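Dumped run_7.txt below, it's compact mmCIF, C-alpha atoms:
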# COMPACT_ATOMS: atom_id res chain seq x y z
CA GLU F 1 -35.85 25.23 6.72
CA LYS F 2 -33.87 22.70 8.74
CA LEU F 3 -31.34 25.26 9.98
CA GLU F 4 -34.16 27.51 11.11
CA GLU F 5 -35.85 24.57 12.82
CA TYR F 6 -32.58 23.73 14.61
CA GLY F 7 -32.08 27.28 15.92
CA ILE F 8 -29.17 28.08 13.60
CA GLU F 9 -29.34 31.70 12.40
CA PRO F 10 -28.50 32.81 8.85
CA TYR F 11 -24.95 34.15 8.63
CA PHE F 12 -25.78 36.62 5.89
CA GLU F 13 -29.10 38.41 5.38
CA THR F 14 -30.68 35.08 4.46
CA TYR F 15 -29.47 31.48 4.53
CA ARG F 16 -28.90 31.58 0.78
CA ASP F 17 -25.77 33.36 -0.36
CA THR F 18 -25.40 33.78 -4.11
CA LEU F 19 -22.11 32.73 -5.67
CA GLU F 20 -20.31 35.59 -7.34
CA ASN F 21 -17.93 33.34 -9.30
CA SER F 22 -20.52 31.25 -11.16
CA LYS F 23 -22.03 32.04 -14.58
CA GLU F 24 -25.18 30.23 -13.52
CA ILE F 25 -27.22 31.18 -10.46
CA ALA F 26 -26.09 29.08 -7.52
CA TYR F 27 -26.23 29.41 -3.75
CA ASN F 28 -24.27 28.38 -0.74
CA ILE F 29 -26.41 27.79 2.36
CA VAL F 30 -24.75 29.34 5.41
CA GLY F 31 -25.90 29.20 9.03
CA PHE F 32 -24.32 30.55 12.20
CA LEU F 33 -24.34 29.65 15.87
CA GLU F 34 -22.71 32.40 17.91
CA GLY F 35 -20.41 31.20 20.67
CA SER F 36 -21.26 31.68 24.33
CA ASP F 37 -17.91 33.03 25.54
CA PRO F 38 -17.58 36.84 25.24
CA GLU F 39 -14.01 36.56 23.96
CA LEU F 40 -13.75 33.15 22.31
CA LYS F 41 -16.91 33.66 20.24
CA ARG F 42 -14.81 35.82 17.91
CA GLU F 43 -13.01 32.64 16.86
CA ILE F 44 -14.97 30.71 14.24
CA ILE F 45 -15.00 27.03 13.34
CA VAL F 46 -16.39 26.29 9.88
CA ILE F 47 -18.16 22.94 9.48
CA GLY F 48 -19.00 22.28 5.86
CA ALA F 49 -19.94 19.92 3.03
CA HIS F 50 -20.88 20.33 -0.62
CA TYR F 51 -24.48 19.57 -1.52
CA ASP F 52 -24.19 19.54 -5.32
CA HIS F 53 -23.66 16.42 -7.42
CA ILE F 54 -22.51 15.87 -10.98
CA GLY F 55 -26.04 15.25 -12.29
CA ILE F 56 -26.52 13.62 -15.68
CA VAL F 57 -23.90 11.15 -16.91
CA ALA F 58 -23.65 8.49 -19.61
CA LEU F 59 -26.32 5.82 -19.36
CA LYS F 60 -25.39 2.77 -17.34
CA ASN F 61 -27.96 -0.04 -17.19
CA GLY F 62 -30.53 2.45 -18.41
CA ASP F 63 -29.81 5.00 -15.66
CA GLY F 64 -28.09 8.31 -16.36
CA ILE F 65 -28.53 10.15 -13.06
CA ALA F 66 -25.57 10.21 -10.69
CA ASN F 67 -27.62 10.71 -7.55
CA GLY F 68 -24.73 11.59 -5.29
CA ALA F 69 -25.90 9.74 -2.20
CA ASN F 70 -22.36 9.22 -0.97
CA ASP F 71 -20.93 12.15 -2.95
CA ASN F 72 -22.06 14.14 -1.15
CA ALA F 73 -25.47 13.81 0.43
CA SER F 74 -23.72 11.80 3.14
CA GLY F 75 -21.48 14.72 4.06
CA THR F 76 -24.40 17.13 3.84
CA VAL F 77 -26.43 15.03 6.26
CA THR F 78 -23.46 14.82 8.61
CA VAL F 79 -23.26 18.61 8.78
CA LEU F 80 -27.04 18.90 9.17
CA GLU F 81 -26.99 16.46 12.09
CA LEU F 82 -24.17 18.37 13.75
CA ALA F 83 -26.18 21.57 13.31
CA ARG F 84 -29.21 19.87 14.84
CA TYR F 85 -27.22 18.75 17.86
CA PHE F 86 -25.44 22.01 18.58
CA GLY F 87 -28.47 24.13 17.79
CA GLY F 88 -30.42 22.29 20.48
CA LYS F 89 -27.81 22.76 23.21
CA LYS F 90 -26.13 25.65 24.94
CA ALA F 91 -23.75 27.11 22.37
CA PRO F 92 -20.08 26.20 22.83
CA ALA F 93 -17.53 28.89 23.64
CA ARG F 94 -16.45 29.43 20.03
CA SER F 95 -18.81 30.22 17.17
CA LEU F 96 -19.80 27.56 14.66
CA LEU F 97 -20.49 28.38 11.02
CA PHE F 98 -22.34 25.65 9.12
CA ALA F 99 -21.76 25.86 5.37
CA PHE F 100 -23.33 23.87 2.54
CA PHE F 101 -21.42 24.49 -0.67
CA SER F 102 -22.69 24.58 -4.21
CA ALA F 103 -20.59 23.93 -7.34
CA GLU F 104 -17.88 21.82 -5.70
CA GLU F 105 -18.00 19.55 -8.71
CA ARG F 106 -17.28 22.54 -10.97
CA GLY F 107 -14.01 23.44 -9.28
CA LEU F 108 -14.74 24.22 -5.61
CA LEU F 109 -16.62 27.37 -6.68
CA GLY F 110 -18.91 27.54 -3.64
CA SER F 111 -16.17 27.18 -1.05
CA LYS F 112 -13.89 29.59 -2.91
CA ASP F 113 -16.68 32.16 -2.95
CA LEU F 114 -17.48 31.83 0.75
CA ALA F 115 -13.86 31.65 1.90
CA GLY F 116 -13.12 34.83 -0.04
CA LYS F 117 -16.08 36.65 1.48
CA LEU F 118 -15.19 35.59 5.02
CA ASN F 119 -11.57 36.62 4.52
CA ALA F 120 -12.71 40.01 3.27
CA GLN F 121 -14.59 40.35 6.57
CA ALA F 122 -11.33 39.54 8.38
CA ILE F 123 -12.97 36.86 10.51
CA ASP F 124 -10.79 34.91 12.94
CA LEU F 125 -10.99 31.41 11.47
CA TYR F 126 -9.72 28.80 13.92
CA THR F 127 -10.15 25.71 11.75
CA MET F 128 -12.29 24.30 8.96
CA LEU F 129 -13.76 20.78 9.07
CA ASN F 130 -15.18 19.52 5.77
CA PHE F 131 -17.17 16.30 5.42
CA GLU F 132 -16.98 14.39 2.13
CA MET F 133 -18.27 10.90 1.30
CA THR F 134 -19.01 9.56 4.78
CA GLY F 135 -21.78 7.12 3.83
CA VAL F 136 -19.90 3.79 3.78
CA PRO F 137 -17.33 2.45 6.29
CA MET F 138 -13.80 1.51 5.35
CA ASN F 139 -12.72 -2.13 5.49
CA GLY F 140 -9.76 -3.46 7.40
CA LYS F 141 -8.77 -0.10 8.92
CA LYS F 142 -8.03 0.47 12.59
CA TYR F 143 -9.64 3.91 12.47
CA LEU F 144 -13.15 5.13 11.59
CA THR F 145 -12.23 8.08 9.35
CA TYR F 146 -9.20 9.77 7.80
CA ILE F 147 -8.40 13.39 7.12
CA THR F 148 -6.84 14.77 3.98
CA GLY F 149 -3.58 16.63 4.50
CA TYR F 150 -2.95 14.54 7.62
CA GLN F 151 0.65 15.67 8.00
CA ARG F 152 -0.07 19.37 7.55
CA SER F 153 -1.41 19.91 11.08
CA ASN F 154 -2.10 18.18 14.39
CA LEU F 155 -5.88 18.16 13.79
CA ALA F 156 -6.13 14.36 13.81
CA GLU F 157 -4.35 14.21 17.16
CA VAL F 158 -6.64 16.84 18.67
CA ILE F 159 -9.80 15.19 17.34
CA ASN F 160 -8.69 11.84 18.72
CA THR F 161 -7.99 13.41 22.11
CA TYR F 162 -11.67 14.29 22.41
CA GLY F 163 -13.33 11.64 20.25
CA GLY F 164 -11.23 8.52 20.85
CA GLN F 165 -7.89 7.35 19.51
CA ASP F 166 -9.39 5.32 16.65
CA LEU F 167 -11.58 8.13 15.27
CA VAL F 168 -9.15 9.62 12.72
CA GLY F 169 -6.21 7.96 11.03
CA TYR F 170 -3.78 8.40 8.15
CA LEU F 171 -4.70 7.06 4.70
CA PRO F 172 -1.68 6.95 2.36
CA THR F 173 -3.98 6.91 -0.67
CA ALA F 174 -5.29 10.34 0.28
CA LYS F 175 -1.81 11.77 -0.11
CA GLU F 176 -1.14 9.75 -3.27
CA TYR F 177 -4.23 11.25 -4.96
CA ASN F 178 -3.65 14.70 -3.44
CA LEU F 179 -7.12 14.77 -1.90
CA PHE F 180 -6.17 17.74 0.26
CA GLN F 181 -6.55 20.01 -2.76
CA ARG F 182 -9.61 18.30 -4.21
CA SER F 183 -12.37 19.27 -1.78
CA ASP F 184 -13.79 22.37 -0.15
CA ASN F 185 -11.31 22.50 2.72
CA TYR F 186 -8.65 23.68 0.28
CA ALA F 187 -10.30 27.02 -0.47
CA PHE F 188 -10.20 27.90 3.23
CA TYR F 189 -6.59 26.82 3.51
CA GLN F 190 -5.70 29.03 0.56
CA GLU F 191 -7.49 32.06 2.01
CA PHE F 192 -6.60 31.75 5.69
CA ARG F 193 -3.59 29.40 5.91
CA VAL F 194 -5.05 27.73 8.99
CA PRO F 195 -5.64 23.99 9.46
CA SER F 196 -8.47 23.10 7.07
CA HIS F 197 -9.13 19.44 6.34
CA THR F 198 -11.65 17.04 4.84
CA ILE F 199 -12.93 14.12 6.90
CA SER F 200 -13.96 11.09 4.84
CA THR F 201 -14.50 7.33 4.87
CA PHE F 202 -14.13 6.77 1.10
CA ASP F 203 -10.81 5.01 0.50
CA PHE F 204 -11.16 4.06 -3.23
CA GLU F 205 -11.65 0.41 -2.24
CA ASN F 206 -14.92 0.41 -0.27
CA TYR F 207 -17.33 1.98 -2.79
CA SER F 208 -17.60 1.24 -6.51
CA TYR F 209 -20.14 3.92 -7.44
CA TYR F 210 -18.12 7.13 -7.27
CA HIS F 211 -19.61 9.52 -9.85
CA GLN F 212 -21.83 6.69 -11.10
CA PRO F 213 -25.64 6.28 -11.43
CA GLY F 214 -25.37 3.60 -8.75
CA ASP F 215 -24.55 6.15 -6.04
CA GLU F 216 -27.96 5.53 -4.48
CA PRO F 217 -29.34 6.07 -0.95
CA SER F 218 -29.98 2.34 -0.62
CA ARG F 219 -26.21 1.75 -0.64
CA MET F 220 -25.55 3.97 2.36
CA ASP F 221 -24.76 2.45 5.76
CA TYR F 222 -26.91 4.54 8.07
CA ASN F 223 -25.66 2.95 11.28
CA HIS F 224 -22.14 3.89 10.23
CA MET F 225 -23.23 7.44 9.41
CA ALA F 226 -24.97 7.86 12.75
CA GLY F 227 -21.99 6.44 14.58
CA LEU F 228 -19.65 8.86 12.82
CA VAL F 229 -21.79 11.84 13.84
CA ASN F 230 -21.96 10.62 17.44
CA ARG F 231 -18.19 10.24 17.56
CA MET F 232 -17.59 13.68 16.04
CA ILE F 233 -19.85 15.52 18.48
CA PRO F 234 -17.48 15.33 21.51
CA ALA F 235 -14.52 16.11 19.23
CA ILE F 236 -16.13 19.31 17.97
CA GLN F 237 -17.33 20.17 21.47
CA GLY F 238 -13.80 19.82 22.77
CA ILE F 239 -12.31 21.95 20.02
CA ALA F 240 -14.99 24.61 20.38
CA ASN F 241 -14.68 24.82 24.18
CA GLU F 242 -10.94 24.51 24.80
CA LYS F 243 -9.54 27.64 26.45
CA GLU F 244 -6.48 27.82 24.25
CA ARG F 245 -6.04 26.88 20.61
CA LYS F 246 -4.62 23.38 20.39
CA ILE F 247 -4.89 22.93 16.61
CA SER F 248 -1.85 24.19 14.77
CA ALA F 249 -0.12 23.77 11.43
CA LYS F 250 3.00 21.64 11.18
Can the structure from this file be put into structure tokens for me?
Amino acid sequence: EKLEEYGIEPYFETYRDTLENSKEIAYNIVGFLEGSDPELKREIIVIGAHYDHIGIVALKNGDGIANGANDNASGTVTVLELARYFGGKKAPARSLLFAFFSAEERGLLGSKDLAGKLNAQAIDLYTMLNFEMTGVPMNGKKYLTYITGYQRSNLAEVINTYGGQDLVGYLPTAKEYNLFQRSDNYAFYQEFRVPSHTISTFDFENYSYYHQPGDEPSRMDYNHMAGLVNRMIPAIQGIANEKERKISAK
């Protein structure tokens, strides 16, 4: 309903696309904004987040529902807000595909399904930007966000060119825990071998409710979330409108 309201068209026949790799019925939600340049619109930027959560867990203080406010309603809202912004403006030169993944918590099933389908269509994927756990700011960092797989491409440098030098930084912990392979960006990297990264502000020190019942909306920092979206808008605009591809693998 929101994608339709924002002027984002369904990519497939409907917004819901059924997963073919799940025993249970599950859907990705996929919207599309066609680019405005006759040539560059063939190049697609995927902007995604997973909307599932782990659900019922062991009781903790009488609560057994892991609500998933930070993991990953925060990322979902980030993508929705980006869709709202770009859907209400003249489309950028390149096309934007907004993807909301199911079954991330069951092994990246939603992103694997969609990445496989898009690869079978032989789309020209420029880059994939995935948003994961963006609801709470980091402490004591000189940058607002980090990307997983920082050293695999120059994406951080390009984003900072358009969005400000302190927008994306390097988090050593992300490499230590191999976060590059633990979110939905990885499925697109596997299928297309193009720069595909997750953008996050969860650094294992700033939020104690990961996969816990306490992952509640009341613990989100909405000013931080809004600021992150506002900083990402010019970065995505720049990437989507640049005449030549600046993002490349290292």
Review point. Of the candidates F:Tyr6, F:Tyr146, F:Tyr177, F:Tyr162, which one gets nearest to Arg84 (chain F) if we count only C-alpha atoms?
Key: F:Tyr6
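Distances to Asp63 (chain F) were evaluated for F:Glu216, F:Asn206, F:Arg245, F:Ser196 using only C-alpha atoms, and the minimum falls at F:Glu216.
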Review point. Which is closer to Ser153 (chain F) than all the others in F:Ser248, F:Ser95, F:Asn67, F:Ser36, using only C-alpha atoms?
Key: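 Using only C-alpha atoms, the shortest distance to Ser153 (chain F) belongs to F:Ser248.
Among F:Asn28, F:Pro213, F:Gly238, F:Ala174, the residue with the shortest atom-to-atom distance to Gly62 (chain F), counting only C-alpha atoms, is F:Pro213.
The interatomic distance for the pair CA of Tyr51 (chain F) and CA of Asp113 (chain F) works out to 14.9 Å.
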Study note, to complete from the structure: Here CA of Ala91 (chain F) and CA of Lys41 (chain F) stand apart by 9.7 Å
Exercise for review: Name the closest residue to Met225 (chain F) among the candidates F:Asn72, F:Thr134, F:Ser208, F:Gln121; distances are taken between atoms, counting only C-alpha atoms.
Suggested key: F:Thr134
Identify the residues within 7 Å of coordinate (-9.1, 36.3, 14.2) (same frame as the file), considering only C-alpha atoms, and give the answer as a short mmCIF file (atom, residue, chain, number, x, y, z; two decimals) with C-alpha atoms, keeping the file's coordinate frame.
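This is the output file out_5.cif:
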data_model
loop_
_atom_site.label_atom_id
_atom_site.label_comp_id
_atom_site.auth_asym_id
_atom_site.auth_seq_id
_atom_site.Cartn_x
_atom_site.Cartn_y
_atom_site.Cartn_z
CA ARG F 42 -14.81 35.82 17.91
CA GLU F 43 -13.01 32.64 16.86
CA ILE F 123 -12.97 36.86 10.51
CA ASP F 124 -10.79 34.91 12.94
CA LEU F 125 -10.99 31.41 11.47
#
Check your understanding: Using all atoms listed in the file, which of the listed residues (F:Asn139, F:Leu228, F:Leu114, F:Gly107) sits closest to Tyr207 (chain F)?
Key -> F:Asn139
Review point. If I put a ball of radius 6 Å at (-28.0, 30.1, 12.1) in the file's coordinates, which residues poke into it when counting only C-alpha atoms, written as a list in words?
Key: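 Within 6 Å of (-28.0, 30.1, 12.1), the protein and nucleic acid residues are Ile8, Glu9, Pro10, Gly31, Phe32 and Leu33 of chain F.
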Review point. Ile56 (chain F): which residues within 8 Å, counting all atoms listed in the file, same-chain residues fewer than 2 positions away excluded, as JSON, numbers by chain?
Key: {"F": [54, 58, 64, 65, 66]}
Exercise for review: Using CA of Glu157 (chain F) and CA of Asp37 (chain F) as the two end points, give the distance in Å to one decimal.
Suggested key: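 Distance reported for this atom pair: 24.7 Å.
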Would you mind completing region 106-119 of chain F to N, CA, C and O atoms and writing the output as a compact mmCIF listing (two decimals), in the frame of the given file?
# COMPACT_ATOMS: atom_id res chain seq x y z
N ARG F 106 -17.71 21.68 -9.87
CA ARG F 106 -17.28 22.54 -10.97
C ARG F 106 -16.01 23.31 -10.62
O ARG F 106 -15.71 24.35 -11.21
N GLY F 107 -15.29 22.81 -9.62
CA GLY F 107 -14.01 23.44 -9.28
C GLY F 107 -14.00 24.15 -7.96
O GLY F 107 -13.33 25.19 -7.83
N LEU F 108 -14.72 23.64 -6.96
CA LEU F 108 -14.74 24.22 -5.61
C LEU F 108 -15.26 25.66 -5.62
O LEU F 108 -14.85 26.47 -4.79
N LEU F 109 -16.18 25.98 -6.53
CA LEU F 109 -16.62 27.37 -6.68
C LEU F 109 -17.31 27.89 -5.42
O LEU F 109 -17.09 29.03 -5.01
N GLY F 110 -18.17 27.07 -4.82
CA GLY F 110 -18.91 27.54 -3.64
C GLY F 110 -18.01 27.84 -2.47
O GLY F 110 -18.14 28.89 -1.83
N SER F 111 -17.07 26.95 -2.18
CA SER F 111 -16.17 27.18 -1.05
C SER F 111 -15.21 28.33 -1.33
O SER F 111 -14.88 29.10 -0.43
N LYS F 112 -14.76 28.46 -2.57
CA LYS F 112 -13.89 29.59 -2.91
C LYS F 112 -14.62 30.90 -2.71
O LYS F 112 -14.06 31.88 -2.18
N ASP F 113 -15.89 30.94 -3.10
CA ASP F 113 -16.68 32.16 -2.95
C ASP F 113 -16.85 32.53 -1.48
O ASP F 113 -16.63 33.67 -1.07
N LEU F 114 -17.24 31.55 -0.67
CA LEU F 114 -17.48 31.83 0.75
C LEU F 114 -16.19 32.15 1.48
O LEU F 114 -16.14 33.09 2.29
N ALA F 115 -15.13 31.39 1.22
CA ALA F 115 -13.86 31.65 1.90
C ALA F 115 -13.37 33.05 1.59
O ALA F 115 -12.85 33.76 2.46
N GLY F 116 -13.53 33.48 0.34
CA GLY F 116 -13.12 34.83 -0.04
C GLY F 116 -13.92 35.90 0.68
O GLY F 116 -13.36 36.90 1.14
N LYS F 117 -15.22 35.68 0.79
CA LYS F 117 -16.08 36.65 1.48
C LYS F 117 -15.74 36.74 2.97
O LYS F 117 -15.70 37.82 3.55
N LEU F 118 -15.51 35.60 3.59
CA LEU F 118 -15.19 35.59 5.02
C LEU F 118 -13.82 36.23 5.27
O LEU F 118 -13.63 36.94 6.26
N ASN F 119 -12.89 36.00 4.37
CA ASN F 119 -11.57 36.62 4.52
C ASN F 119 -11.66 38.12 4.36
O ASN F 119 -10.98 38.88 5.06
